[in-house]
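A.B. asks: What follows is work.txt; its format and atoms are compact mmCIF, C-alpha atoms.
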```
# COMPACT_ATOMS: atom_id res chain seq x y z
CA MET A 1 -49.05 39.52 -65.28
CA HIS A 2 -45.87 37.88 -64.18
CA ALA A 3 -44.77 38.90 -60.69
CA THR A 4 -41.51 40.35 -61.89
CA ASP A 5 -42.76 42.06 -65.03
CA THR A 6 -42.37 45.53 -63.63
CA THR A 7 -38.83 45.04 -62.48
CA ARG A 8 -38.06 43.27 -65.70
CA ARG A 9 -39.39 46.20 -67.61
CA GLN A 10 -37.26 48.49 -65.51
CA GLY A 11 -34.28 46.27 -66.23
CA ALA A 12 -35.23 46.16 -69.87
CA GLN A 13 -34.99 49.93 -70.04
CA ILE A 14 -31.34 49.62 -69.14
CA ALA A 15 -30.43 46.41 -70.90
CA PRO A 16 -31.52 45.33 -74.36
CA ALA A 17 -34.44 43.16 -73.41
CA ASP A 18 -34.20 40.74 -76.27
CA PRO A 19 -32.03 37.73 -75.38
CA GLY A 20 -31.79 37.07 -79.10
CA VAL A 21 -29.84 40.32 -79.32
CA TRP A 22 -27.65 39.19 -76.42
CA LEU A 23 -26.90 36.05 -78.38
CA ASP A 24 -26.10 38.04 -81.52
CA GLU A 25 -23.94 40.61 -79.80
CA HIS A 26 -22.27 38.62 -77.05
CA GLY A 27 -22.77 34.99 -78.01
CA ASP A 28 -19.34 34.53 -79.55
CA VAL A 29 -17.54 36.16 -76.64
CA MET A 30 -19.50 34.02 -74.17
CA TYR A 31 -18.82 30.90 -76.17
CA ARG A 32 -15.10 31.58 -76.33
CA TYR A 33 -14.99 32.36 -72.61
CA ALA A 34 -16.65 29.02 -71.82
CA LEU A 35 -14.61 27.11 -74.38
CA LEU A 36 -11.32 28.30 -72.93
CA ARG A 37 -12.32 27.08 -69.49
CA LEU A 38 -14.19 23.91 -70.42
CA GLY A 39 -12.24 22.83 -73.48
CA ALA A 40 -15.21 20.99 -75.04
CA GLU A 41 -17.43 22.68 -77.61
CA ASP A 42 -20.65 20.95 -76.58
CA GLN A 43 -20.13 21.85 -72.93
CA ALA A 44 -19.30 25.44 -73.84
CA GLU A 45 -22.51 25.66 -75.87
CA ASP A 46 -24.52 24.23 -72.99
CA ALA A 47 -22.97 26.69 -70.55
CA VAL A 48 -23.83 29.63 -72.82
CA GLN A 49 -27.39 28.41 -73.22
CA GLU A 50 -27.80 27.93 -69.48
CA ALA A 51 -26.35 31.37 -68.84
CA LEU A 52 -28.65 33.11 -71.31
CA LEU A 53 -31.71 31.32 -69.94
CA ALA A 54 -30.66 32.24 -66.41
CA ALA A 55 -30.16 35.83 -67.54
CA ILE A 56 -33.72 36.00 -68.84
CA GLY A 57 -34.97 35.04 -65.40
CA ALA A 58 -32.58 37.39 -63.64
CA LEU A 59 -33.00 40.53 -65.73
CA ASN A 60 -34.36 42.35 -62.68
CA THR A 61 -30.96 41.94 -61.03
CA PHE A 62 -29.24 43.88 -63.80
CA ASP A 63 -28.74 47.37 -62.42
CA GLY A 64 -26.93 48.92 -65.35
CA ARG A 65 -23.78 49.64 -63.39
CA SER A 66 -21.81 47.23 -65.55
CA SER A 67 -22.15 46.54 -69.24
CA ILE A 68 -24.60 43.87 -70.31
CA ARG A 69 -21.65 41.81 -71.51
CA THR A 70 -19.95 41.91 -68.11
CA TRP A 71 -23.22 40.93 -66.49
CA LEU A 72 -23.73 38.02 -68.88
CA ILE A 73 -20.13 36.84 -68.42
CA GLY A 74 -20.69 36.96 -64.65
CA ILE A 75 -23.66 34.61 -65.00
CA LEU A 76 -21.76 32.44 -67.44
CA ARG A 77 -18.89 32.16 -64.99
CA HIS A 78 -21.20 30.45 -62.49
CA LYS A 79 -22.52 28.12 -65.17
CA VAL A 80 -18.97 27.18 -66.15
CA LEU A 81 -18.16 26.43 -62.51
CA ASP A 82 -21.30 24.27 -62.32
CA GLN A 83 -20.16 22.37 -65.40
CA LEU A 84 -16.70 21.85 -63.94
CA ARG A 85 -18.13 20.60 -60.64
CA ARG A 86 -20.39 18.20 -62.53
CA ARG A 87 -17.53 17.03 -64.72
CA ARG A 88 -15.25 16.40 -61.79
CA ARG A 89 -17.96 14.56 -59.88
CA GLU A 90 -18.41 12.21 -62.83
CA HIS A 91 -14.74 12.01 -63.78
CA PRO A 92 -12.49 12.63 -60.78
CA ILE A 93 -9.46 14.63 -61.70
CA ALA A 94 -7.03 12.08 -60.25
CA GLU A 95 -6.54 10.22 -63.55
CA ASP A 96 -5.89 13.41 -65.48
CA LEU A 97 -3.53 14.63 -62.82
CA ALA A 98 -1.39 11.54 -63.03
CA GLY A 99 -0.10 12.73 -66.37
CA VAL A 100 0.58 16.18 -65.01
CA LEU A 101 2.15 15.35 -61.67
CA ASP A 102 3.98 12.10 -62.31
CA HIS A 103 6.44 13.54 -64.78
CA ARG A 104 9.20 15.87 -63.78
CA ASP A 105 9.15 19.37 -65.21
CA GLU A 106 9.90 19.17 -68.91
CA ALA A 107 11.81 22.41 -68.66
CA PHE A 108 14.67 20.69 -66.82
CA ARG A 109 17.28 18.10 -67.67
CA ALA A 110 17.73 15.01 -65.54
CA ASP A 111 20.53 16.76 -63.63
CA GLY A 112 18.18 19.59 -62.60
CA GLN A 113 19.56 22.24 -64.98
CA TRP A 114 17.42 24.16 -67.45
CA LYS A 115 17.16 22.30 -70.75
CA GLY A 116 17.97 25.29 -72.91
CA ARG A 117 19.28 28.79 -72.55
CA ILE A 118 16.54 31.18 -71.50
CA SER A 119 16.88 34.22 -73.70
CA PRO A 120 17.20 37.69 -72.19
CA SER A 121 13.89 39.19 -71.19
CA GLU A 122 14.02 41.95 -73.77
CA PRO A 123 12.15 40.51 -76.74
CA GLY A 124 13.94 40.42 -80.06
CA PRO A 125 12.63 42.18 -83.16
CA GLU A 126 10.45 39.20 -83.98
CA GLY A 127 9.04 39.22 -80.47
CA ARG A 128 8.05 42.86 -80.11
CA ALA A 129 4.41 42.04 -80.16
CA ASP A 130 2.09 44.59 -78.65
CA ARG A 131 0.42 43.65 -75.42
CA ALA A 132 -2.84 42.67 -77.09
CA GLU A 133 -1.01 40.30 -79.39
CA LEU A 134 0.89 38.88 -76.45
CA ARG A 135 -2.33 38.37 -74.54
CA ARG A 136 -3.84 36.56 -77.49
CA ALA A 137 -0.77 34.33 -77.69
CA LEU A 138 -1.07 33.59 -73.98
CA VAL A 139 -4.73 32.68 -74.34
CA ARG A 140 -3.88 30.33 -77.21
CA ARG A 141 -1.25 28.68 -75.04
CA ILE A 142 -3.63 28.36 -72.09
CA ALA A 143 -6.12 26.64 -74.39
CA GLN A 144 -3.40 24.11 -75.30
CA LEU A 145 -2.62 23.12 -71.71
CA PRO A 146 -3.68 19.60 -70.64
CA GLU A 147 -7.25 19.60 -69.39
CA ALA A 148 -6.59 19.32 -65.66
CA MET A 149 -3.87 21.93 -65.88
CA ARG A 150 -6.01 24.32 -67.91
CA GLU A 151 -8.97 24.02 -65.56
CA THR A 152 -6.80 24.63 -62.52
CA PHE A 153 -4.95 27.54 -64.08
CA CYS A 154 -8.11 29.24 -65.34
CA LEU A 155 -9.94 28.93 -62.03
CA ARG A 156 -7.06 30.16 -59.90
CA GLU A 157 -5.23 32.60 -62.13
CA LEU A 158 -7.81 33.92 -64.60
CA ASP A 159 -10.99 33.75 -62.55
CA GLY A 160 -9.18 34.58 -59.32
CA LEU A 161 -10.90 31.93 -57.19
CA ASP A 162 -9.27 31.36 -53.82
CA SER A 163 -7.22 28.20 -53.44
CA GLN A 164 -9.73 26.47 -51.20
CA SER A 165 -12.55 26.93 -53.72
CA VAL A 166 -10.41 25.65 -56.58
CA CYS A 167 -9.44 22.59 -54.53
CA GLU A 168 -13.08 21.92 -53.66
CA ILE A 169 -14.33 22.28 -57.23
CA LEU A 170 -11.62 20.12 -58.78
CA GLY A 171 -11.05 17.75 -55.87
CA ILE A 172 -7.32 18.40 -55.51
CA THR A 173 -5.04 19.10 -52.57
CA PRO A 174 -3.47 22.54 -52.01
CA THR A 175 -0.04 21.03 -52.69
CA ASN A 176 -1.23 19.64 -56.01
CA LEU A 177 -2.82 22.96 -56.83
CA TRP A 178 0.46 24.85 -56.52
CA THR A 179 2.44 22.21 -58.35
CA ILE A 180 -0.04 22.34 -61.23
CA ILE A 181 -0.04 26.14 -61.33
CA HIS A 182 3.74 26.24 -61.29
CA ARG A 183 4.07 23.69 -64.08
CA ALA A 184 1.41 25.47 -66.08
CA LYS A 185 3.41 28.69 -65.80
CA LEU A 186 6.56 26.92 -66.90
CA ARG A 187 4.76 25.62 -69.95
CA LEU A 188 3.15 28.95 -70.73
CA ARG A 189 6.45 30.76 -70.42
CA GLU A 190 8.07 28.26 -72.78
CA GLY A 191 5.14 28.52 -75.16
CA LEU A 192 5.37 32.29 -75.28
CA GLU A 193 9.09 32.05 -75.96
CA GLU A 194 8.33 29.78 -78.89
CA ASP A 195 5.73 32.27 -80.07
CA GLY A 196 8.05 35.21 -80.26
CA PHE A 197 10.29 35.71 -77.32
CA GLY A 198 12.61 33.08 -78.78
CA ARG A 199 14.73 30.70 -76.88
CA GLY A 200 18.28 29.72 -77.67
CA THR A 201 19.44 26.17 -78.05
CA GLU A 202 22.60 26.44 -76.01
CA PRO A 203 22.83 24.11 -73.05
CA GLY A 204 21.38 25.48 -69.87
CA GLY A 205 23.03 25.95 -66.50
CA ARG A 206 25.06 28.53 -64.70
CA SER A 207 26.82 31.17 -66.72
CA MET B 1 26.33 19.05 -38.41
CA ARG B 2 23.03 20.65 -39.35
CA TRP B 3 24.67 23.83 -40.61
CA LEU B 4 27.02 21.72 -42.74
CA ARG B 5 23.98 20.20 -44.41
CA VAL B 6 22.56 23.68 -44.99
CA ILE B 7 25.82 24.87 -46.56
CA TRP B 8 25.91 21.77 -48.74
CA TYR B 9 22.30 22.44 -49.80
CA VAL B 10 23.06 26.08 -50.59
CA LEU B 11 26.14 25.27 -52.62
CA THR B 12 24.65 22.40 -54.59
CA LEU B 13 21.21 23.86 -55.33
CA ARG B 14 20.16 23.09 -58.90
CA CYS B 15 18.00 25.21 -61.21
CA GLU B 16 14.98 22.93 -60.78
CA GLU B 17 15.08 23.18 -56.99
CA ALA B 18 15.74 26.94 -57.14
CA ASP B 19 12.73 27.29 -59.41
CA ARG B 20 10.63 25.33 -56.92
CA VAL B 21 11.81 27.56 -54.09
CA ARG B 22 10.81 30.66 -56.09
CA SER B 23 7.42 29.12 -56.71
CA TYR B 24 6.90 28.52 -52.98
CA ALA B 25 7.99 32.06 -52.24
CA ARG B 26 5.46 33.42 -54.73
CA LYS B 27 2.58 31.64 -53.07
CA GLY B 28 3.54 33.30 -49.83
CA GLU B 29 4.99 30.31 -48.02
CA GLN B 30 7.54 30.86 -45.30
CA LEU B 31 10.91 29.74 -46.65
CA ARG B 32 13.64 28.25 -44.55
CA PRO B 33 16.69 30.50 -44.35
CA GLY B 34 18.74 27.87 -46.20
CA SER B 35 16.27 27.82 -49.09
CA ARG B 36 16.19 31.60 -49.28
CA VAL B 37 19.96 31.97 -49.23
CA GLY B 38 20.38 29.04 -51.60
CA GLU B 39 17.98 30.51 -54.13
CA TRP B 40 19.58 33.94 -53.87
CA LEU B 41 23.09 32.56 -54.28
CA HIS B 42 22.07 30.28 -57.11
CA SER B 43 20.25 33.04 -58.97
CA SER B 44 23.17 35.42 -58.56
CA LEU B 45 25.36 32.84 -60.31
CA CYS B 46 22.87 31.45 -62.83
CA SER B 47 21.78 33.72 -65.67
CA ASN B 48 19.10 31.26 -66.75
CA CYS B 49 17.44 31.39 -63.34
CA ARG B 50 17.62 35.19 -63.24
CA ARG B 51 15.94 35.30 -66.62
CA ALA B 52 13.41 32.66 -65.61
CA ARG B 53 12.52 34.73 -62.56
CA LYS B 54 12.05 37.82 -64.69
CA ARG B 55 9.96 35.89 -67.21
CA LEU B 56 7.74 34.56 -64.46
CA ARG B 57 7.08 38.10 -63.26
CA GLU B 58 6.23 39.14 -66.82
CA LEU B 59 3.90 36.20 -67.16
CA ASP B 60 2.14 37.13 -63.92
CA ARG B 61 1.65 40.68 -65.22
CA LEU B 62 0.22 39.36 -68.46
CA VAL B 63 -2.14 37.02 -66.62
CA ALA B 64 -3.25 39.94 -64.45
CA GLU B 65 -4.08 41.87 -67.63
CA LEU B 66 -6.10 38.91 -68.89
CA ARG B 67 -7.95 38.76 -65.59
CA GLN B 68 -9.13 42.32 -66.17
CA ASP B 69 -10.34 41.40 -69.63
CA PRO B 70 -13.06 38.76 -69.46
CA ASP B 71 -13.50 38.99 -73.22
CA ALA B 72 -10.03 37.58 -73.76
CA ALA B 73 -10.43 34.15 -75.29
CA PRO B 74 -9.12 32.26 -78.28
CA ALA B 75 -10.48 33.41 -81.61
CA GLY B 76 -13.51 31.56 -82.89
CA ALA B 77 -17.22 31.84 -83.26
CA MET B 78 -20.06 29.78 -81.94
CA PRO B 79 -21.10 27.15 -84.50
CA PRO B 80 -24.29 28.21 -86.35
CA ASP B 81 -26.20 25.09 -85.31
CA ALA B 82 -25.43 25.78 -81.65
CA ARG B 83 -26.55 29.36 -82.08
CA ALA B 84 -29.82 28.20 -83.63
CA ARG B 85 -30.37 25.68 -80.84
CA ILE B 86 -29.79 28.31 -78.16
CA LEU B 87 -32.05 30.82 -79.91
CA ASP B 88 -34.75 28.16 -80.05
CA ALA B 89 -34.34 27.46 -76.31
CA ILE B 90 -34.52 31.19 -75.56
CA GLN B 91 -37.74 31.56 -77.56
CA LYS B 92 -39.33 28.56 -75.86
CA THR B 93 -38.41 29.92 -72.44
CA ARG B 94 -39.88 33.31 -73.26
CA GLU B 95 -43.07 31.75 -74.59
CA ASN B 96 -43.43 29.70 -71.41
CA ASP B 97 -42.73 32.81 -69.38
CA GLU B 98 -45.52 34.72 -71.07
```
Turn the structure described in the file into C-alpha cells.
C.D. replies:
Amino acid sequence: MHATDTTRRQGAQIAPADPGVWLDEHGDVMYRYALLRLGAEDQAEDAVQEALLAAIGALNTFDGRSSIRTWLIGILRHKVLDQLRRRRREHPIAEDLAGVLDHRDEAFRADGQWKGRISPSEPGPEGRADRAELRRALVRRIAQLPEAMRETFCLRELDGLDSQSVCEILGITPTNLWTIIHRAKLRLREGLEEDGFGRGTEPGGRS
Amino acid sequence: MRWLRVIWYVLTLRCEEADRVRSYARKGEQLRPGSRVGEWLHSSLCSNCRRARKRLRELDRLVAELRQDPDAAPAGAMPPDARARILDAIQKTRENDE
C-alpha cells in the first residue's frame, strides 16, 4: 500500500477523487486561467496538466475548507509562475519591454495633453453593462495587452504578488514595474471606454 | 530661485505629467509638495484629468473584483486534443502510482 493511501482516502472523501472528473468539471476554467496569464495555448495546456498531476500527488493536503476548484487553481497558480520563470530565463523580458517602455503613452499628444476628451464617468445607455459584463470586458482587454505588459499586470494586479516577487520572476526593476502597470491601466481604461463607456473625439486638454 | 522653479512647474504641469504624479501617489510614493500642489491645481482646472482620475479608481475597483474571482478568464474551452492528452497523462500517473 502506498504510504499516503490513508490520507488520500480521507482527502478523497472530501474531494472527488477522480482527476478525470476534475478535468471535466474544472479543466476549462483552469485552462482559461492559465491562458490569460501565459498567452500561449500550448503553455496553458502544459500548466493545467502539471497542476492536475501535482494535485493527484497532493490530495492529502486538500482539507475541504475551500472548494476543489479553488484548491486546483491554487496549484495551477504555482505552475503558471514556474512557466513564467522558465520563459523569462530563456527569453529575458528586456526585448519585449523595449516596445512597452520606449514609446510615450499613447493616450497623450506630443504636447502632453490627453489625445481625446475623456467622457464623464457615468456610463451612457450603451455602456450600462452589469458588473459581470464589465469584468468580462476587462478580462478580454487584459488578454489583448502586449505579452510583457500582460504578464506584469496579471502577476501584480490580479494575482496580488508583491512588487519584489514580480520583479524577480520577470527580471524587471521596480521603476519599470510601475511604469508598465501604469501604462497597462491607461490602455485598459481606454479599451473599456471603447467597449461601452464611450469616448468623445473632441480635442483633449483643460476645460 | 528654487521656489520660482516650483511655481513654474505647478503652473505649466501638463496632463501627462499630472497623470504620472497620480500614478506615483497611488503606489504610495512620497510626493514633493510641488508635485502634489501641481497635480491638485491641474486637476481642478482640467476636466479630462478629473475624469481620468475617477476612471482609474473605477478600474482599480474592477480589478479588485477580478482578484476575488479566480474563475474570471476570457471565454473559451480547452481544445479536445489537449484534454485527451491530459487525461492520458493522468491515467498513466495513476497507474504508476498504483
A.B. asks: Report, in Å to a single decimal, how far apart atom CA of B:Leu59 and atom CA of B:Arg26 are.
C.D. replies: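 Separation between atom CA of B:Arg26 and atom CA of B:Leu59: 12.8 Å.
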A.B. asks: Looking at B:Ala25, B:Val63, B:Val37, B:Leu11, which one is nearest to chain A, with distances taken over all atoms listed in the file?
C.D. replies: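 The shortest atom-to-atom distance to chain A comes from B:Val63.
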A.B. asks: Hey, which of B:Pro80, B:Leu56, B:Gln30, B:Glu16 ends up closest to A:Arg109? Count all atoms listed in the file.
C.D. replies: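 Counting all atoms listed in the file, the residue closest to A:Arg109 is B:Glu16.
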A.B. asks: Using only C-alpha atoms and a cut-off of 8 Å, which residues of chain A sit close to chain B? Please list them as an MDAnalysis selection string.
C.D. replies: chainID A and resid 2 19:20 23 27:33 36 45 49 52:53 70 73 108 111:114 117:121 135:136 139:140 143 157:160 178 182 185 189 204:207
A.B. asks: Quick one: pull the distance between atom CA of A:Met149 and atom CA of B:Leu31, Å, one decimal.
C.D. replies: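 Atom CA of B:Leu31 lies at a distance of 25.5 Å from atom CA of A:Met149.
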A.B. asks: Could you work out an axis-aligned bounding box for all listed atoms of stretch 3-20 of chain B, with 5 Å added on each of the six sides, and give its centre and edge lengths in Å to one decimal, as AutoDock Vina command-line options?
C.D. replies:
```
--center_x 18.8 --center_y 23.7 --center_z -50.9 --size_x 26.4 --size_y 17.1 --size_z 30.6
```
A.B. asks: Considering all atoms listed in the file, state which residue in the set A:Leu145, A:Leu161, A:Ala34, A:Ile93 is at the smallest distance from A:Leu76.
C.D. replies: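 Counting all atoms listed in the file, the residue closest to A:Leu76 is A:Ala34.
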A.B. asks: Figure out the distance between atom CA of A:Glu194 and atom CA of B:Leu41, please, to one decimal in Å.
C.D. replies: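 Atom CA of B:Leu41 sits 28.8 Å away from atom CA of A:Glu194.
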A.B. asks: Pick out the closest residue to A:Val21 from this set: A:Glu133, A:Leu84, A:Leu97, A:Ile68. Count all atoms listed in the file.
C.D. replies: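 Of A:Glu133, A:Leu84, A:Leu97, A:Ile68, the one nearest A:Val21 is A:Ile68, counting all atoms listed in the file.
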A.B. asks: For A:Trp22, which of A:Leu38, A:Ile181, A:Leu72, A:Val100 is the closest residue, counting only C-alpha atoms?
C.D. replies: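 For A:Trp22, the nearest of the candidates is A:Leu72.
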A.B. asks: Just add N, CA and C atoms to stretch 67-91 of chain A and send it as a PDB file, keeping the file's coordinate frame.
C.D. replies:
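Result file is rebuild.pdb:
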```
ATOM      1  N   SER A  67     -21.598  46.733 -67.894  1.00  0.00           N
ATOM      2  CA  SER A  67     -22.150  46.540 -69.240  1.00  0.00           C
ATOM      3  C   SER A  67     -22.925  45.221 -69.240  1.00  0.00           C
ATOM      4  N   ILE A  68     -23.807  45.098 -70.209  1.00  0.00           N
ATOM      5  CA  ILE A  68     -24.600  43.870 -70.310  1.00  0.00           C
ATOM      6  C   ILE A  68     -23.662  42.669 -70.516  1.00  0.00           C
ATOM      7  N   ARG A  69     -22.577  42.902 -71.249  1.00  0.00           N
ATOM      8  CA  ARG A  69     -21.650  41.810 -71.510  1.00  0.00           C
ATOM      9  C   ARG A  69     -20.998  41.330 -70.206  1.00  0.00           C
ATOM     10  N   THR A  70     -20.574  42.275 -69.393  1.00  0.00           N
ATOM     11  CA  THR A  70     -19.950  41.910 -68.110  1.00  0.00           C
ATOM     12  C   THR A  70     -20.938  41.143 -67.246  1.00  0.00           C
ATOM     13  N   TRP A  71     -22.186  41.596 -67.274  1.00  0.00           N
ATOM     14  CA  TRP A  71     -23.220  40.930 -66.490  1.00  0.00           C
ATOM     15  C   TRP A  71     -23.437  39.493 -66.987  1.00  0.00           C
ATOM     16  N   LEU A  72     -23.521  39.356 -68.303  1.00  0.00           N
ATOM     17  CA  LEU A  72     -23.730  38.020 -68.880  1.00  0.00           C
ATOM     18  C   LEU A  72     -22.538  37.106 -68.583  1.00  0.00           C
ATOM     19  N   ILE A  73     -21.330  37.651 -68.693  1.00  0.00           N
ATOM     20  CA  ILE A  73     -20.130  36.840 -68.420  1.00  0.00           C
ATOM     21  C   ILE A  73     -20.130  36.413 -66.947  1.00  0.00           C
ATOM     22  N   GLY A  74     -20.605  37.296 -66.069  1.00  0.00           N
ATOM     23  CA  GLY A  74     -20.690  36.960 -64.650  1.00  0.00           C
ATOM     24  C   GLY A  74     -21.603  35.758 -64.405  1.00  0.00           C
ATOM     25  N   ILE A  75     -22.740  35.755 -65.123  1.00  0.00           N
ATOM     26  CA  ILE A  75     -23.660  34.610 -65.000  1.00  0.00           C
ATOM     27  C   ILE A  75     -23.018  33.363 -65.612  1.00  0.00           C
ATOM     28  N   LEU A  76     -22.397  33.564 -66.752  1.00  0.00           N
ATOM     29  CA  LEU A  76     -21.760  32.440 -67.440  1.00  0.00           C
ATOM     30  C   LEU A  76     -20.669  31.805 -66.563  1.00  0.00           C
ATOM     31  N   ARG A  77     -19.963  32.644 -65.852  1.00  0.00           N
ATOM     32  CA  ARG A  77     -18.890  32.160 -64.990  1.00  0.00           C
ATOM     33  C   ARG A  77     -19.415  31.110 -64.004  1.00  0.00           C
ATOM     34  N   HIS A  78     -20.597  31.411 -63.425  1.00  0.00           N
ATOM     35  CA  HIS A  78     -21.200  30.450 -62.490  1.00  0.00           C
ATOM     36  C   HIS A  78     -21.608  29.158 -63.210  1.00  0.00           C
ATOM     37  N   LYS A  79     -22.107  29.315 -64.423  1.00  0.00           N
ATOM     38  CA  LYS A  79     -22.520  28.120 -65.170  1.00  0.00           C
ATOM     39  C   LYS A  79     -21.310  27.264 -65.525  1.00  0.00           C
ATOM     40  N   VAL A  80     -20.198  27.926 -65.844  1.00  0.00           N
ATOM     41  CA  VAL A  80     -18.970  27.180 -66.150  1.00  0.00           C
ATOM     42  C   VAL A  80     -18.494  26.429 -64.904  1.00  0.00           C
ATOM     43  N   LEU A  81     -18.566  27.096 -63.765  1.00  0.00           N
ATOM     44  CA  LEU A  81     -18.160  26.430 -62.510  1.00  0.00           C
ATOM     45  C   LEU A  81     -19.064  25.228 -62.236  1.00  0.00           C
ATOM     46  N   ASP A  82     -20.372  25.400 -62.498  1.00  0.00           N
ATOM     47  CA  ASP A  82     -21.300  24.270 -62.320  1.00  0.00           C
ATOM     48  C   ASP A  82     -20.893  23.093 -63.205  1.00  0.00           C
ATOM     49  N   GLN A  83     -20.570  23.426 -64.463  1.00  0.00           N
ATOM     50  CA  GLN A  83     -20.160  22.370 -65.400  1.00  0.00           C
ATOM     51  C   GLN A  83     -18.911  21.661 -64.905  1.00  0.00           C
ATOM     52  N   LEU A  84     -17.947  22.448 -64.407  1.00  0.00           N
ATOM     53  CA  LEU A  84     -16.700  21.850 -63.940  1.00  0.00           C
ATOM     54  C   LEU A  84     -16.946  20.946 -62.728  1.00  0.00           C
ATOM     55  N   ARG A  85     -17.808  21.421 -61.814  1.00  0.00           N
ATOM     56  CA  ARG A  85     -18.130  20.600 -60.640  1.00  0.00           C
ATOM     57  C   ARG A  85     -18.750  19.275 -61.086  1.00  0.00           C
ATOM     58  N   ARG A  86     -19.710  19.390 -62.019  1.00  0.00           N
ATOM     59  CA  ARG A  86     -20.390  18.200 -62.530  1.00  0.00           C
ATOM     60  C   ARG A  86     -19.378  17.260 -63.184  1.00  0.00           C
ATOM     61  N   ARG A  87     -18.521  17.839 -64.006  1.00  0.00           N
ATOM     62  CA  ARG A  87     -17.530  17.030 -64.720  1.00  0.00           C
ATOM     63  C   ARG A  87     -16.632  16.296 -63.741  1.00  0.00           C
ATOM     64  N   ARG A  88     -16.200  17.011 -62.718  1.00  0.00           N
ATOM     65  CA  ARG A  88     -15.250  16.400 -61.790  1.00  0.00           C
ATOM     66  C   ARG A  88     -15.915  15.451 -60.806  1.00  0.00           C
ATOM     67  N   ARG A  89     -17.247  15.563 -60.661  1.00  0.00           N
ATOM     68  CA  ARG A  89     -17.960  14.560 -59.880  1.00  0.00           C
ATOM     69  C   ARG A  89     -18.032  13.254 -60.670  1.00  0.00           C
ATOM     70  N   GLU A  90     -18.285  13.395 -61.977  1.00  0.00           N
ATOM     71  CA  GLU A  90     -18.410  12.210 -62.830  1.00  0.00           C
ATOM     72  C   GLU A  90     -17.056  11.611 -63.181  1.00  0.00           C
ATOM     73  N   HIS A  91     -16.097  12.468 -63.425  1.00  0.00           N
ATOM     74  CA  HIS A  91     -14.740  12.010 -63.780  1.00  0.00           C
ATOM     75  C   HIS A  91     -13.740  12.672 -62.849  1.00  0.00           C
TER      76      HIS A  91
END
```
